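Asker: Coordinates in model.tsv, TSV, C-alpha atoms, are listed below.
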chain	number	residue	atom	x	y	z
A	1	MET	CA	0.00	0.00	0.00
A	2	SER	CA	1.36	3.43	-0.95
A	3	GLN	CA	1.82	6.27	1.54
A	4	SER	CA	-1.02	8.23	-0.07
A	5	MET	CA	-3.35	5.35	0.76
A	6	ARG	CA	-1.97	4.76	4.27
A	7	LEU	CA	-2.24	8.35	5.50
A	8	PRO	CA	-6.07	8.67	5.37
A	9	GLU	CA	-6.42	5.31	7.14
A	10	ILE	CA	-3.93	6.36	9.84
A	11	LEU	CA	-6.05	9.47	10.43
A	12	ASN	CA	-9.21	7.36	10.66
A	13	ILE	CA	-7.57	5.13	13.27
A	14	ALA	CA	-6.40	8.18	15.22
A	15	ARG	CA	-9.92	9.67	15.17
A	16	ARG	CA	-11.36	6.37	16.36
A	17	ASP	CA	-8.80	5.66	19.12
A	18	GLY	CA	-7.53	9.13	19.99
A	19	ARG	CA	-3.92	8.14	19.32
A	20	VAL	CA	-1.82	5.74	17.25
A	21	THR	CA	1.43	3.90	17.97
A	22	VAL	CA	4.30	3.20	15.61
A	23	GLU	CA	4.35	-0.51	16.45
A	24	GLY	CA	0.59	-0.89	16.13
A	25	LEU	CA	0.48	0.80	12.73
A	26	ALA	CA	3.47	-1.18	11.47
A	27	ALA	CA	1.67	-4.42	12.35
A	28	HIS	CA	-1.62	-3.16	10.88
A	29	PHE	CA	-0.09	-2.23	7.52
A	30	ASP	CA	2.64	-4.91	7.56
A	31	VAL	CA	5.39	-2.33	6.95
A	32	THR	CA	8.56	-1.35	8.81
A	33	LEU	CA	8.69	0.93	11.82
A	34	GLN	CA	10.74	3.39	9.76
A	35	THR	CA	7.97	3.58	7.15
A	36	ILE	CA	5.37	4.42	9.81
A	37	ARG	CA	7.65	7.04	11.39
A	38	ARG	CA	7.90	8.72	7.97
A	39	ASP	CA	4.11	8.57	7.62
A	40	LEU	CA	3.59	10.16	11.03
A	41	ALA	CA	6.19	12.82	10.28
A	42	GLU	CA	4.33	13.68	7.09
A	43	LEU	CA	0.99	13.94	8.92
A	44	ALA	CA	2.63	16.08	11.60
A	45	ASN	CA	4.06	18.38	8.93
A	46	GLN	CA	0.55	18.74	7.51
A	47	GLY	CA	-0.72	19.71	10.97
A	48	LYS	CA	-3.07	16.73	11.18
A	49	LEU	CA	-1.37	14.77	13.96
A	50	GLU	CA	1.04	15.65	16.74
A	51	ARG	CA	4.01	13.38	17.36
A	52	VAL	CA	4.45	11.96	20.85
A	53	HIS	CA	6.83	9.32	22.17
A	54	GLY	CA	6.08	6.05	20.37
A	55	GLY	CA	3.34	7.40	18.14
A	56	ALA	CA	1.04	10.38	17.55
A	57	VAL	CA	-2.18	11.99	18.78
A	58	LEU	CA	-4.84	14.11	17.16
A	59	GLN	CA	-4.19	17.82	17.33
A	60	SER	CA	-6.67	19.82	19.36
A	61	THR	CA	-7.33	23.56	19.49
A	62	ILE	CA	-9.03	23.37	22.89
A	63	ALA	CA	-7.17	20.70	24.92
A	64	ASN	CA	-3.51	20.05	25.55
A	65	ILE	CA	-2.03	16.60	25.07
A	66	GLY	CA	-1.27	14.53	28.16
A	67	TYR	CA	1.63	15.47	30.41
A	68	GLU	CA	3.58	12.22	29.96
A	69	ASP	CA	3.26	12.53	26.18
A	70	ARG	CA	4.46	16.15	26.36
A	71	ARG	CA	7.51	15.13	28.38
A	72	GLY	CA	8.72	12.93	25.53
A	73	LEU	CA	7.88	15.41	22.79
A	74	ASN	CA	10.89	17.17	21.17
A	75	ASP	CA	13.00	16.22	24.18
A	76	ALA	CA	16.36	16.96	22.52
A	77	ALA	CA	15.17	20.41	21.41
A	78	LYS	CA	13.96	21.27	24.92
A	79	THR	CA	17.29	20.20	26.42
A	80	ALA	CA	19.23	22.32	23.92
A	81	ILE	CA	16.97	25.35	24.48
A	82	ALA	CA	17.32	25.02	28.26
A	83	ALA	CA	21.11	24.70	28.09
A	84	ARG	CA	21.36	27.85	25.98
A	85	CYS	CA	18.87	29.80	28.11
A	86	VAL	CA	20.65	29.21	31.44
A	87	ARG	CA	23.85	30.67	30.00
A	88	ASP	CA	22.05	34.01	30.24
A	89	ILE	CA	20.81	33.44	33.80
A	90	PRO	CA	23.36	34.83	36.28
A	91	ASN	CA	24.20	33.43	39.68
A	92	GLY	CA	22.74	35.42	42.54
A	93	CYS	CA	19.41	36.26	40.90
A	94	SER	CA	15.74	35.55	41.58
A	95	LEU	CA	13.66	33.94	38.86
A	96	PHE	CA	10.26	32.40	38.25
A	97	LEU	CA	9.76	29.15	36.32
A	98	ASN	CA	6.18	28.42	35.26
A	99	ILE	CA	4.34	25.26	34.25
A	100	GLY	CA	5.75	23.34	31.30
A	101	THR	CA	8.08	20.56	30.28
A	102	THR	CA	10.50	23.07	28.73
A	103	THR	CA	10.75	25.04	31.97
A	104	GLU	CA	11.39	21.72	33.70
A	105	ALA	CA	14.32	21.25	31.32
A	106	VAL	CA	15.54	24.71	32.39
A	107	ALA	CA	15.33	23.57	36.03
A	108	HIS	CA	17.56	20.60	35.23
A	109	ALA	CA	20.03	22.93	33.49
A	110	LEU	CA	20.18	25.19	36.58
A	111	MET	CA	21.63	22.42	38.74
A	112	HIS	CA	25.05	24.08	38.98
A	113	HIS	CA	23.89	27.68	39.48
A	114	ARG	CA	24.69	29.23	42.85
A	115	ASP	CA	22.89	31.61	45.19
A	116	ILE	CA	19.68	31.70	43.18
A	117	MET	CA	16.09	31.94	44.34
A	118	VAL	CA	13.58	30.09	42.19
A	119	LEU	CA	9.87	30.76	42.55
A	120	THR	CA	7.54	28.37	40.80
A	121	ASN	CA	3.97	27.17	40.45
A	122	ASN	CA	5.30	23.86	39.09
A	123	MET	CA	5.75	21.06	41.63
A	124	ASN	CA	8.01	19.21	39.20
A	125	VAL	CA	10.39	22.17	39.00
A	126	ALA	CA	10.57	22.31	42.80
A	127	ASN	CA	11.34	18.60	43.04
A	128	ILE	CA	14.06	18.87	40.40
A	129	LEU	CA	15.80	21.80	42.09
A	130	VAL	CA	15.77	20.15	45.52
A	131	GLU	CA	19.05	18.57	44.36
A	132	ASN	CA	20.70	22.02	44.09
A	133	SER	CA	21.57	22.98	47.67
A	134	ALA	CA	22.57	26.49	46.53
A	135	CYS	CA	19.06	27.20	45.27
A	136	GLU	CA	16.33	28.60	47.51
A	137	ILE	CA	12.92	27.36	46.34
A	138	ILE	CA	9.59	29.10	46.87
A	139	VAL	CA	6.46	27.25	45.71
A	140	VAL	CA	3.52	29.62	45.31
A	141	GLY	CA	0.19	28.24	46.47
A	142	GLY	CA	-2.95	27.49	44.52
A	143	LEU	CA	-5.15	24.75	43.14
A	144	LEU	CA	-3.07	21.65	42.34
A	145	ARG	CA	-3.65	20.32	38.83
A	146	ARG	CA	-2.90	16.65	39.31
A	147	SER	CA	-2.35	15.98	35.62
A	148	ASP	CA	0.97	17.85	35.53
A	149	GLY	CA	1.79	19.11	39.03
A	150	GLY	CA	0.88	22.71	38.19
A	151	LEU	CA	-0.60	25.21	40.67
A	152	VAL	CA	-3.20	27.49	39.11
A	153	GLY	CA	-6.11	29.76	39.89
A	154	SER	CA	-6.76	33.01	41.73
A	155	VAL	CA	-4.82	31.98	44.85
A	156	THR	CA	-1.72	31.45	42.71
A	157	THR	CA	-2.18	34.76	40.92
A	158	GLN	CA	-2.54	36.62	44.23
A	159	ALA	CA	0.54	34.90	45.68
A	160	ILE	CA	2.68	35.90	42.69
A	161	GLY	CA	1.66	39.54	43.24
A	162	GLN	CA	3.56	39.50	46.55
A	163	PHE	CA	6.90	39.12	44.75
A	164	LYS	CA	9.08	41.07	42.34
A	165	PHE	CA	11.73	38.89	40.68
A	166	ASP	CA	14.67	39.57	38.40
A	167	LEU	CA	13.64	37.19	35.67
A	168	ALA	CA	10.68	35.14	34.46
A	169	VAL	CA	11.38	32.06	32.35
A	170	VAL	CA	8.06	30.99	30.86
A	171	SER	CA	6.77	28.55	28.28
A	172	CYS	CA	3.46	28.36	26.42
A	173	SER	CA	1.38	25.73	24.66
A	174	ALA	CA	1.26	27.40	21.25
A	175	LEU	CA	2.58	30.37	19.29
A	176	ASP	CA	0.71	32.23	16.58
A	177	LEU	CA	2.58	33.62	13.59
A	178	ASP	CA	1.65	37.13	14.76
A	179	GLY	CA	3.69	36.53	17.92
A	180	ASP	CA	0.85	35.79	20.35
A	181	MET	CA	1.63	33.30	23.13
A	182	LEU	CA	-1.31	30.93	23.69
A	183	ASP	CA	-2.49	28.31	26.14
A	184	TYR	CA	-5.39	25.91	26.71
A	185	ASP	CA	-6.24	26.60	30.35
A	186	ILE	CA	-7.76	29.99	31.20
A	187	GLN	CA	-6.60	29.68	34.83
A	188	GLU	CA	-3.03	29.03	33.71
A	189	VAL	CA	-3.16	32.02	31.36
A	190	GLY	CA	-3.99	34.33	34.26
A	191	VAL	CA	-1.04	32.96	36.22
A	192	SER	CA	1.35	33.44	33.28
A	193	GLN	CA	0.16	37.03	32.86
A	194	ALA	CA	0.81	37.70	36.56
A	195	ILE	CA	4.30	36.21	36.27
A	196	LEU	CA	5.22	38.46	33.35
A	197	LYS	CA	3.83	41.50	35.18
A	198	GLN	CA	6.04	40.91	38.25
A	199	ALA	CA	9.27	40.21	36.34
A	200	ARG	CA	11.98	42.78	35.62
A	201	ARG	CA	13.01	40.77	32.54
A	202	SER	CA	11.34	37.85	30.76
A	203	PHE	CA	12.51	34.89	28.68
A	204	LEU	CA	10.29	32.60	26.60
A	205	VAL	CA	11.46	29.02	26.02
A	206	ALA	CA	9.53	27.25	23.25
A	207	ASP	CA	10.51	24.86	20.47
A	208	GLN	CA	9.45	25.25	16.84
A	209	SER	CA	6.57	22.76	17.17
A	210	LYS	CA	4.60	25.42	19.09
A	211	PHE	CA	4.04	27.22	15.77
A	212	GLN	CA	2.16	24.14	14.52
A	213	ARG	CA	-0.27	24.11	17.45
A	214	ARG	CA	-3.42	26.09	18.13
A	215	ALA	CA	-4.80	27.05	21.55
A	216	PRO	CA	-7.73	29.34	22.39
A	217	ALA	CA	-6.48	31.53	25.26
A	218	ARG	CA	-4.04	34.42	24.79
A	219	ILE	CA	-1.29	34.98	27.36
A	220	GLY	CA	0.26	37.97	25.64
A	221	SER	CA	2.65	38.91	22.87
A	222	LEU	CA	6.31	38.29	22.17
A	223	SER	CA	6.56	42.09	22.35
A	224	GLN	CA	6.44	41.59	26.16
A	225	ILE	CA	9.41	39.20	26.07
A	226	ASP	CA	13.05	40.27	26.28
A	227	THR	CA	14.49	37.11	24.71
A	228	PHE	CA	12.86	34.17	22.91
A	229	TYR	CA	14.86	30.92	23.05
A	230	THR	CA	13.94	28.31	20.45
A	231	ASP	CA	15.49	25.56	18.32
A	232	ALA	CA	14.93	26.94	14.79
A	233	PRO	CA	14.55	30.42	13.32
A	234	PRO	CA	10.91	31.60	13.40
A	235	PRO	CA	9.21	32.69	10.15
A	236	ALA	CA	10.75	35.78	8.54
A	237	ALA	CA	7.77	38.04	9.21
A	238	LEU	CA	7.84	37.22	12.91
A	239	ARG	CA	11.61	37.75	13.09
A	240	GLU	CA	11.08	41.20	11.60
A	241	ALA	CA	8.31	41.94	14.10
A	242	CYS	CA	10.56	40.88	16.99
A	243	ARG	CA	13.25	43.24	15.77
A	244	GLY	CA	10.73	46.07	15.90
A	245	TRP	CA	9.62	45.07	19.41
A	246	GLY	CA	13.18	44.73	20.68
A	247	THR	CA	12.63	41.02	21.40
A	248	GLY	CA	15.83	39.05	20.97
A	249	ILE	CA	15.73	35.61	19.32
A	250	VAL	CA	18.31	32.98	20.32
A	251	THR	CA	18.40	29.72	18.38
A	252	ALA	CA	19.86	26.79	20.28
Can the structure in the file be given as structure tokens, please?
Answerer:
Amino acid sequence: MSQSMRLPEILNIARRDGRVTVEGLAAHFDVTLQTIRRDLAELANQGKLERVHGGAVLQSTIANIGYEDRRGLNDAAKTAIAARCVRDIPNGCSLFLNIGTTTEAVAHALMHHRDIMVLTNNMNVANILVENSACEIIVVGGLLRRSDGGLVGSVTTQAIGQFKFDLAVVSCSALDLDGDMLDYDIQEVGVSQAILKQARRSFLVADQSKFQRRAPARIGSLSQIDTFYTDAPPPAALREACRGWGTGIVTA
């Protein structure tokens, strides 16, 4: 069976089951794992599926994919972005890390920083940085979202307002080509807006796949960000807009 015939059937299976696996599709079509990986890459490039570890899921404009799937998505890119970002984070500063698997990668990359204070509404970030004895950790309160260890809601927003930190390192679920940062959860959006408001400087960490996703809630614009760390140059029009806004772009 040719790829042009397999792709519609893969989409039908994904719509029926919610997700597909490389091994399951290879057995279904009696083809190699490499062939299915190419098929899924093609569907991802078309914006019809989103790659996750071991397979793919249907893209949604109103719901994020599961946390464990997000952790395995573009892992190498997140690690590279985090490593490059922390080079611009000095010792002896205060910073906020929000919810997201990319900000968790930043937490891992901060393991050798000294005399830093990290505020977070991400339980995973706090648990990662416990290993750095030279890091003071403040977890802001709020409603615990069990799916990913995030703290959200009005209590979190109010708690953030009690602080003023040197730097915010934030991620988002999606990026529009006009530079808008987007998310799926309205409560999380309010928290992200509060974080940016209380930061003296702000970094965005987001890989190129965020341009292929759609989410309904607007956090703000890249015009509010000092430096955008990513793994591939954004589209030319957005690069030009960032120059006008004074937003730096660093490609890991």
Asker: Nearest to A:Ala174 among A:Ala215, A:Leu119, A:Cys85, A:Cys242, with distances taken over all atoms listed in the file: which residue is it?
Answerer: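 Checking each of A:Ala215, A:Leu119, A:Cys85, A:Cys242 against A:Ala174, counting all atoms listed in the file, the winner is A:Ala215.
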Asker: What separation in Å, quoted to one decimal, exists between atom CA of A:Asn74 and atom CA of A:Phe96?
Answerer: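 Rounded to one decimal, the two atoms are 22.9 Å apart.
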Asker: How far is it from atom CA of A:Asp39 to atom CA of A:Leu7, in Å with one decimal?
Answerer: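 Pair atom CA of A:Asp39 / atom CA of A:Leu7 returns 6.7 Å.
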Asker: Write out as an NGL selection string which residues come within 12 Å of A:Asn12 when counting all atoms listed in the file, dropping same-chain ones fewer than 6 positions away.
Answerer: :A and (5-6 or 18-20 or 25 or 48-49 or 57-58)
Asker: Could you save those same residues with C-alpha atoms as a PDB file, in the frame of the given file?
Answerer:
ATOM      1  CA  MET A   5      -3.350   5.350   0.760  1.00  0.00           C
ATOM      2  CA  ARG A   6      -1.970   4.760   4.270  1.00  0.00           C
ATOM      3  CA  GLY A  18      -7.530   9.130  19.990  1.00  0.00           C
ATOM      4  CA  ARG A  19      -3.920   8.140  19.320  1.00  0.00           C
ATOM      5  CA  VAL A  20      -1.820   5.740  17.250  1.00  0.00           C
ATOM      6  CA  LEU A  25       0.480   0.800  12.730  1.00  0.00           C
ATOM      7  CA  LYS A  48      -3.070  16.730  11.180  1.00  0.00           C
ATOM      8  CA  LEU A  49      -1.370  14.770  13.960  1.00  0.00           C
ATOM      9  CA  VAL A  57      -2.180  11.990  18.780  1.00  0.00           C
ATOM     10  CA  LEU A  58      -4.840  14.110  17.160  1.00  0.00           C
TER      11      LEU A  58
END
Asker: Under the rule that only C-alpha atoms are counted, which of A:Leu182, A:Leu238, A:Ala82, A:Ile128 is the nearest residue to A:Lys210?
Answerer: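 Checking each candidate against A:Lys210, we get A:Leu182 as the closest.
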Asker: Would you mind listing what lies within 9 Å of stretch 219-229 of chain A as a PyMOL selection string, with only C-alpha atoms counted and same-chain residues fewer than 4 positions away left out?
Answerer: chain A and resi 81-82+84-85+172+178-183+188-190+192-193+196+201-207+241-242+244-252
Asker: If you count all atoms listed in the file, which residues fall within 7 Å of A:Ala26, apart from same-chain ones fewer than 6 positions away, as a PyMOL selection string?
Answerer: chain A and resi 32-33+36
Asker: My list of candidates is A:Glu131, A:Ile10, A:Asp148, A:Ala194. Which is closest to A:Gly161 when distances are computed with only C-alpha atoms?
Answerer: A:Ala194
Asker: Would you kindly return, as a list of chain:residue names, each protein, DNA or RNA residue with an atom no farther than 12 Å from any atom of A:Asp115, considering only C-alpha atoms and excluding same-chain residues fewer than 4 positions away?
Answerer: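 After dropping sequence-adjacent residues, the list is A:Ile89, A:Pro90, A:Asn91, A:Gly92, A:Cys93, A:Ser94, A:Leu95, A:Leu110, A:Met111, A:Asn132, A:Ser133, A:Ala134, A:Cys135, A:Glu136, A:Ile137.
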Asker: Which residue is closest to A:Val169? Choose from A:Leu143, A:Val86, A:Ile116, A:Ile138 and count all atoms listed in the file.
Answerer: A:Val86
Asker: Can you work out the spacing between atom CA of A:Ile195 and atom CA of A:Leu97 in Å, to one decimal?
Answerer: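 So the two atoms, atom CA of A:Ile195 and atom CA of A:Leu97, lie 8.9 Å apart.
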Asker: I need every residue sitting at most 12 Å from the point (5.9, 25.4, 34.9) (coordinates as in the file, all atoms listed in the file considered), written as a PyMOL selection string.
Answerer: chain A and resi 67+96-107+118-128+139-140+145+148-152+168-173+188-189+191-192+195+204-205
Asker: Just the residues within 9 Å of A:Pro234, please, counting all atoms listed in the file, with nothing from its chain fewer than 3 positions along; format it as an mmCIF file with C-alpha atoms, in the coordinates of the input.
Answerer:
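Dumped to result35.cif:
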data_model
loop_
_atom_site.group_PDB
_atom_site.id
_atom_site.type_symbol
_atom_site.label_atom_id
_atom_site.label_comp_id
_atom_site.auth_asym_id
_atom_site.auth_seq_id
_atom_site.Cartn_x
_atom_site.Cartn_y
_atom_site.Cartn_z
ATOM 1 C CA LEU A 177 2.580 33.620 13.590
ATOM 2 C CA GLN A 208 9.450 25.250 16.840
ATOM 3 C CA PHE A 211 4.040 27.220 15.770
ATOM 4 C CA THR A 230 13.940 28.310 20.450
ATOM 5 C CA ALA A 237 7.770 38.040 9.210
ATOM 6 C CA LEU A 238 7.840 37.220 12.910
ATOM 7 C CA ARG A 239 11.610 37.750 13.090
ATOM 8 C CA ILE A 249 15.730 35.610 19.320
#
Asker: Given the choices A:Ala77, A:Pro8, A:Thr156, A:Val22, which gets closest to A:Leu43 if the distance is worked out from only C-alpha atoms?
Answerer: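 Looking only at the distances to A:Leu43, the closest residue turns out to be A:Pro8.
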Asker: Would you mind completing stretch 176-196 of chain A to N, CA, C and O atoms and writing the output as a PDB file, in the coordinates of the input?
Answerer:
ATOM      1  N   ASP A 176       1.278  31.806  17.851  1.00  0.00           N
ATOM      2  CA  ASP A 176       0.710  32.230  16.580  1.00  0.00           C
ATOM      3  C   ASP A 176       1.790  32.937  15.755  1.00  0.00           C
ATOM      4  O   ASP A 176       2.757  33.477  16.300  1.00  0.00           O
ATOM      5  N   LEU A 177       1.599  32.978  14.464  1.00  0.00           N
ATOM      6  CA  LEU A 177       2.580  33.620  13.590  1.00  0.00           C
ATOM      7  C   LEU A 177       2.622  35.125  13.789  1.00  0.00           C
ATOM      8  O   LEU A 177       3.573  35.777  13.342  1.00  0.00           O
ATOM      9  N   ASP A 178       1.611  35.694  14.456  1.00  0.00           N
ATOM     10  CA  ASP A 178       1.650  37.130  14.760  1.00  0.00           C
ATOM     11  C   ASP A 178       2.386  37.412  16.069  1.00  0.00           C
ATOM     12  O   ASP A 178       2.474  38.559  16.505  1.00  0.00           O
ATOM     13  N   GLY A 179       2.915  36.346  16.701  1.00  0.00           N
ATOM     14  CA  GLY A 179       3.690  36.530  17.920  1.00  0.00           C
ATOM     15  C   GLY A 179       2.905  36.374  19.199  1.00  0.00           C
ATOM     16  O   GLY A 179       3.454  36.569  20.293  1.00  0.00           O
ATOM     17  N   ASP A 180       1.633  36.000  19.139  1.00  0.00           N
ATOM     18  CA  ASP A 180       0.850  35.790  20.350  1.00  0.00           C
ATOM     19  C   ASP A 180       1.221  34.463  21.011  1.00  0.00           C
ATOM     20  O   ASP A 180       1.344  33.433  20.336  1.00  0.00           O
ATOM     21  N   MET A 181       1.391  34.498  22.327  1.00  0.00           N
ATOM     22  CA  MET A 181       1.630  33.300  23.130  1.00  0.00           C
ATOM     23  C   MET A 181       0.269  32.789  23.615  1.00  0.00           C
ATOM     24  O   MET A 181      -0.536  33.565  24.142  1.00  0.00           O
ATOM     25  N   LEU A 182       0.017  31.495  23.446  1.00  0.00           N
ATOM     26  CA  LEU A 182      -1.310  30.930  23.690  1.00  0.00           C
ATOM     27  C   LEU A 182      -1.254  29.748  24.645  1.00  0.00           C
ATOM     28  O   LEU A 182      -0.218  29.095  24.786  1.00  0.00           O
ATOM     29  N   ASP A 183      -2.393  29.476  25.263  1.00  0.00           N
ATOM     30  CA  ASP A 183      -2.490  28.310  26.140  1.00  0.00           C
ATOM     31  C   ASP A 183      -3.915  27.753  26.085  1.00  0.00           C
ATOM     32  O   ASP A 183      -4.816  28.377  25.512  1.00  0.00           O
ATOM     33  N   TYR A 184      -4.096  26.583  26.723  1.00  0.00           N
ATOM     34  CA  TYR A 184      -5.390  25.910  26.710  1.00  0.00           C
ATOM     35  C   TYR A 184      -6.225  26.205  27.947  1.00  0.00           C
ATOM     36  O   TYR A 184      -7.441  26.164  27.904  1.00  0.00           O
ATOM     37  N   ASP A 185      -5.566  26.473  29.064  1.00  0.00           N
ATOM     38  CA  ASP A 185      -6.240  26.600  30.350  1.00  0.00           C
ATOM     39  C   ASP A 185      -6.337  28.074  30.737  1.00  0.00           C
ATOM     40  O   ASP A 185      -5.324  28.744  30.943  1.00  0.00           O
ATOM     41  N   ILE A 186      -7.552  28.586  30.869  1.00  0.00           N
ATOM     42  CA  ILE A 186      -7.760  29.990  31.200  1.00  0.00           C
ATOM     43  C   ILE A 186      -7.111  30.335  32.544  1.00  0.00           C
ATOM     44  O   ILE A 186      -6.528  31.414  32.719  1.00  0.00           O
ATOM     45  N   GLN A 187      -7.205  29.425  33.520  1.00  0.00           N
ATOM     46  CA  GLN A 187      -6.600  29.680  34.830  1.00  0.00           C
ATOM     47  C   GLN A 187      -5.079  29.794  34.715  1.00  0.00           C
ATOM     48  O   GLN A 187      -4.459  30.644  35.364  1.00  0.00           O
ATOM     49  N   GLU A 188      -4.477  28.968  33.888  1.00  0.00           N
ATOM     50  CA  GLU A 188      -3.030  29.030  33.710  1.00  0.00           C
ATOM     51  C   GLU A 188      -2.623  30.310  32.997  1.00  0.00           C
ATOM     52  O   GLU A 188      -1.559  30.876  33.276  1.00  0.00           O
ATOM     53  N   VAL A 189      -3.450  30.769  32.072  1.00  0.00           N
ATOM     54  CA  VAL A 189      -3.160  32.020  31.360  1.00  0.00           C
ATOM     55  C   VAL A 189      -3.071  33.185  32.339  1.00  0.00           C
ATOM     56  O   VAL A 189      -2.145  34.006  32.271  1.00  0.00           O
ATOM     57  N   GLY A 190      -4.014  33.265  33.271  1.00  0.00           N
ATOM     58  CA  GLY A 190      -3.990  34.330  34.260  1.00  0.00           C
ATOM     59  C   GLY A 190      -2.724  34.303  35.104  1.00  0.00           C
ATOM     60  O   GLY A 190      -2.150  35.354  35.430  1.00  0.00           O
ATOM     61  N   VAL A 191      -2.285  33.109  35.445  1.00  0.00           N
ATOM     62  CA  VAL A 191      -1.040  32.960  36.220  1.00  0.00           C
ATOM     63  C   VAL A 191       0.148  33.435  35.404  1.00  0.00           C
ATOM     64  O   VAL A 191       1.014  34.173  35.901  1.00  0.00           O
ATOM     65  N   SER A 192       0.226  33.025  34.139  1.00  0.00           N
ATOM     66  CA  SER A 192       1.350  33.440  33.280  1.00  0.00           C
ATOM     67  C   SER A 192       1.383  34.954  33.117  1.00  0.00           C
ATOM     68  O   SER A 192       2.466  35.564  33.113  1.00  0.00           O
ATOM     69  N   GLN A 193       0.223  35.572  32.983  1.00  0.00           N
ATOM     70  CA  GLN A 193       0.160  37.030  32.860  1.00  0.00           C
ATOM     71  C   GLN A 193       0.677  37.705  34.133  1.00  0.00           C
ATOM     72  O   GLN A 193       1.404  38.702  34.068  1.00  0.00           O
ATOM     73  N   ALA A 194       0.330  37.150  35.287  1.00  0.00           N
ATOM     74  CA  ALA A 194       0.810  37.700  36.560  1.00  0.00           C
ATOM     75  C   ALA A 194       2.322  37.558  36.678  1.00  0.00           C
ATOM     76  O   ALA A 194       3.007  38.462  37.181  1.00  0.00           O
ATOM     77  N   ILE A 195       2.850  36.436  36.221  1.00  0.00           N
ATOM     78  CA  ILE A 195       4.300  36.210  36.270  1.00  0.00           C
ATOM     79  C   ILE A 195       5.028  37.269  35.445  1.00  0.00           C
ATOM     80  O   ILE A 195       6.004  37.877  35.902  1.00  0.00           O
ATOM     81  N   LEU A 196       4.574  37.483  34.227  1.00  0.00           N
ATOM     82  CA  LEU A 196       5.220  38.460  33.350  1.00  0.00           C
ATOM     83  C   LEU A 196       5.135  39.872  33.950  1.00  0.00           C
ATOM     84  O   LEU A 196       6.075  40.666  33.826  1.00  0.00           O
TER      85      LEU A 196
END
